[in-house]
Every structure is written in structure tokens, then in C-alpha cells.
Amino acid sequence: MLSKKIEKALNGQIETEAMSSQFYLAMASWAETEGLNGTAAFLYRHSDEERMHMLKLVRFVNERGGKALIPALGQPPRTFKGITDIFQTLLSHETKVTGEINKLVDICLRDKDYTTHNFLQWYVSEQIEEEALARTLIDKLNLIGNDKGGLYLFDRDLEGLAATPIEQG
Ligand code: FEO
């Protein structure tokens with residue numbers, strides 16, 4: 001059974017994951033209108049992944065005797081400055097999410113909720129992967145600079161990444 005404190009903290013995380021999904025959906029849609037089809041496919045997939053992260057939490061809270069709250073969400077940004085801006089924003093968002101997951105893990109340890117602590121380990125690993133991927137993409141974009149050919153190949157590579165199936169955890 002979840003304590004009220006942990007239930008509230010997990011509901012906060014449900015909101016964060018839902019917001020991430022909306023945020024990446026907005027980025028995907030923008031990229032699509034800019035003709036960056038591979039980037040759009042990658043971000044649409046990333047948005048789906050975040051929804052899966054949210055769903056996993058919803059199911060866990062309900063299974064553990066709590067009540068998952070489905071949040072109202074604010075309007076995500078409509079425009080972005082460019083592809084590098086998108087991935088920098090994505091990285092800084094994910095770094096924030098990692099901090100929130102770490103805080104949650106800490107609350108579980110202090111409250112001796114080892115079941116939720118164990119459940120959260122999946123999110124800890126996922127954050128390491130997501131941050132690493134965002135950093136790699138930013139490094140590549142920095143190398144490419146304003147080279148149109150390089151950007152074309154980058155966008156095509158992302159299309160390939162987007163084609164891999166989403167891990168359900
Ligand atoms: Fe659900 Fe990108 O962390």
C-alpha cells in the first residue's frame with residue numbers, strides 16, 4: 001500500500017511524464033512543418049515513449065492501492081528556433097526530469113518503501129539513456145554546424161532511430 005506522501009509524489013511524476021509527452025509532440029509537429037521528417041519521426045516516437053512512462057506510473061499507483069490523477073496540461077511552446085535548440089531544450093528538460101526521479105527515489109528510501117524504490121529503478125536507467133542520447137545528438141549537430149548535407153544525413157539517421165520499437169520496460 002502506498003503512503004499518501006509517496007502517492008502524491010508519484011502523481012507529480014505522472015504529470016511530469018505527461019507534460020514531457022506533450023512537449024515532444026509539439027516539437028515533433030514543428031519539425032514536421034519545417035520539412036525535418038526524420039527529426040519529426042524521432043520526436044513523435046519520443047512523445048509516445050513519454051506517454052508509456054506516464055502510463056506505467058498510472059498503473060503502478062492504482063495497483064498499489066493509490067489513485068492515479070490524470071492531470072490537466074498547459075500549452076507547450078508552438079515554435080522553436082531550430083533543430084539544435086530543440087535538442088538542447090530536450091536535454092535540459094530531461095536533466096530536470098532526472099532530478100525529479102532522484103528526489104522520488106530519495107523519498108522512497110527515507111520512507112522505507114522498497115517496492116516503489118525498486119519500481120523506480122527502471123526510470124533511473126531510462127534517464128541515463130535519454131540524457132546520453134540527447135548529448136550525442138547535440139555533439140553531432142555541433143559538428144555539422146551549418147552544413148546542409150550534414151543536416152540532411154542527420155535527419156535521415158533520426159528516421160532510422162525512430163523505426164526501432166519502443167521498449168515497454
Ligand atoms: Fe520519461 Fe524522458 O523521461
# chains A, B, ... in the order shown; residues from 1 in each chain; ligands from 1

call {"tool": "residues_around", "arguments": {"residues": "Val105 of chain A", "least_positions_apart": "5", "cutoff": "9 Å", "atoms": "only C-alpha atoms", "output": "list in words"}}
result
Glu100, Arg110, Thr116, His117, Asn118, Leu120, Gln121 and Val124 of chain A

call {"tool": "write_last_selection", "arguments": {"atoms": "N, CA, C and O atoms", "output": "mmCIF file, in the first residue's frame"}}
result
data_model
loop_
_atom_site.group_PDB
_atom_site.id
_atom_site.type_symbol
_atom_site.label_atom_id
_atom_site.label_comp_id
_atom_site.auth_asym_id
_atom_site.auth_seq_id
_atom_site.Cartn_x
_atom_site.Cartn_y
_atom_site.Cartn_z
ATOM 1 N N GLU A 100 14.079 15.029 -10.714
ATOM 2 C CA GLU A 100 12.810 14.684 -10.061
ATOM 3 C C GLU A 100 12.756 13.203 -9.707
ATOM 4 O O GLU A 100 12.276 12.822 -8.636
ATOM 5 N N ARG A 110 13.794 7.133 2.300
ATOM 6 C CA ARG A 110 13.544 7.706 3.631
ATOM 7 C C ARG A 110 12.299 7.093 4.261
ATOM 8 O O ARG A 110 12.246 6.889 5.456
ATOM 9 N N THR A 116 8.335 0.611 -4.168
ATOM 10 C CA THR A 116 8.342 1.739 -5.114
ATOM 11 C C THR A 116 9.777 2.070 -5.510
ATOM 12 O O THR A 116 10.049 2.404 -6.668
ATOM 13 N N HIS A 117 10.679 1.938 -4.575
ATOM 14 C CA HIS A 117 12.088 2.178 -4.865
ATOM 15 C C HIS A 117 12.545 1.258 -5.997
ATOM 16 O O HIS A 117 13.180 1.685 -6.963
ATOM 17 N N ASN A 118 12.164 0.000 -5.896
ATOM 18 C CA ASN A 118 12.526 -0.993 -6.911
ATOM 19 C C ASN A 118 11.883 -0.639 -8.264
ATOM 20 O O ASN A 118 12.540 -0.674 -9.305
ATOM 21 N N LEU A 120 11.086 2.228 -9.342
ATOM 22 C CA LEU A 120 11.690 3.441 -9.911
ATOM 23 C C LEU A 120 13.055 3.208 -10.561
ATOM 24 O O LEU A 120 13.524 4.053 -11.325
ATOM 25 N N GLN A 121 13.660 2.069 -10.267
ATOM 26 C CA GLN A 121 14.987 1.816 -10.855
ATOM 27 C C GLN A 121 14.939 1.809 -12.385
ATOM 28 O O GLN A 121 15.884 2.193 -13.057
ATOM 29 N N VAL A 124 15.333 5.282 -13.421
ATOM 30 C CA VAL A 124 16.713 5.754 -13.224
ATOM 31 C C VAL A 124 17.553 5.370 -14.445
ATOM 32 O O VAL A 124 18.257 6.214 -15.017
#

call {"tool": "residues_near_ligand", "arguments": {"ligand": "ligand 1", "cutoff": "7 Å", "atoms": "only C-alpha atoms and all ligand atoms", "output": "ChimeraX atom specification"}}
result
/A:17,20,50,53,94,97,127,130

call {"tool": "residues_around", "arguments": {"residues": "Ser47 of chain A", "least_positions_apart": "4", "cutoff": "8 Å", "atoms": "only C-alpha atoms", "output": "VMD selection string"}}
result
chain A and resid 20 to 25 43 51

call {"tool": "closest_residue", "arguments": {"among": "A:Thr84, A:Thr95, A:Asn102, A:Thr115", "to": "Leu151 of chain A", "atoms": "only C-alpha atoms"}}
result
A:Thr84

call {"tool": "residues_around", "arguments": {"residues": "Lys67 of chain A", "least_positions_apart": "4", "cutoff": "12 Å", "atoms": "only C-alpha atoms", "output": "MDAnalysis selection string"}}
result
chainID A and resid 1:4 6:11 14 57:63

call {"tool": "residues_around", "arguments": {"residues": "segment 70-81 of chain A", "least_positions_apart": "5", "cutoff": "7 Å", "atoms": "only C-alpha atoms", "output": "ChimeraX atom specification"}}
result
/A:15,19,22-23,26,30,86

call {"tool": "atom_distance", "arguments": {"atom1": "atom CA of Asp157 of chain A", "atom2": "atom CA of Ser92 of chain A"}}
result
22.3 Å

call {"tool": "select_by_dssp", "arguments": {"residues": "chain A", "states": "alpha helix (DSSP H)", "output": "VMD selection string"}}
result
chain A and resid 4 to 33 37 to 63 83 to 110 114 to 144 148 to 162

call {"tool": "closest_residue", "arguments": {"among": "A:Gln13, A:Thr136, A:Gln88, A:Ser125", "to": "Met27 of chain A", "atoms": "only C-alpha atoms"}}
result
A:Gln88

call {"tool": "closest_residue", "arguments": {"among": "A:Tyr44, A:Lys5, A:Glu131, A:Phe154", "to": "His93 of chain A", "atoms": "only C-alpha atoms"}}
result
A:Glu131

call {"tool": "closest_residue", "arguments": {"among": "A:Ile83, A:Asp111, A:Leu133, A:Asp155", "to": "His46 of chain A", "atoms": "only C-alpha atoms"}}
result
A:Leu133

call {"tool": "closest_residue", "arguments": {"among": "A:Thr33, A:Arg64, A:Leu91, A:Ala40", "to": "Asp139 of chain A", "atoms": "only C-alpha atoms"}}
result
A:Leu91

call {"tool": "atom_distance", "arguments": {"atom1": "atom CA of Leu143 of chain A", "atom2": "atom CA of Glu129 of chain A"}}
result
21.3 Å

call {"tool": "atom_distance", "arguments": {"atom1": "atom CA of Arg156 of chain A", "atom2": "atom CA of Asn37 of chain A"}}
result
8.0 Å
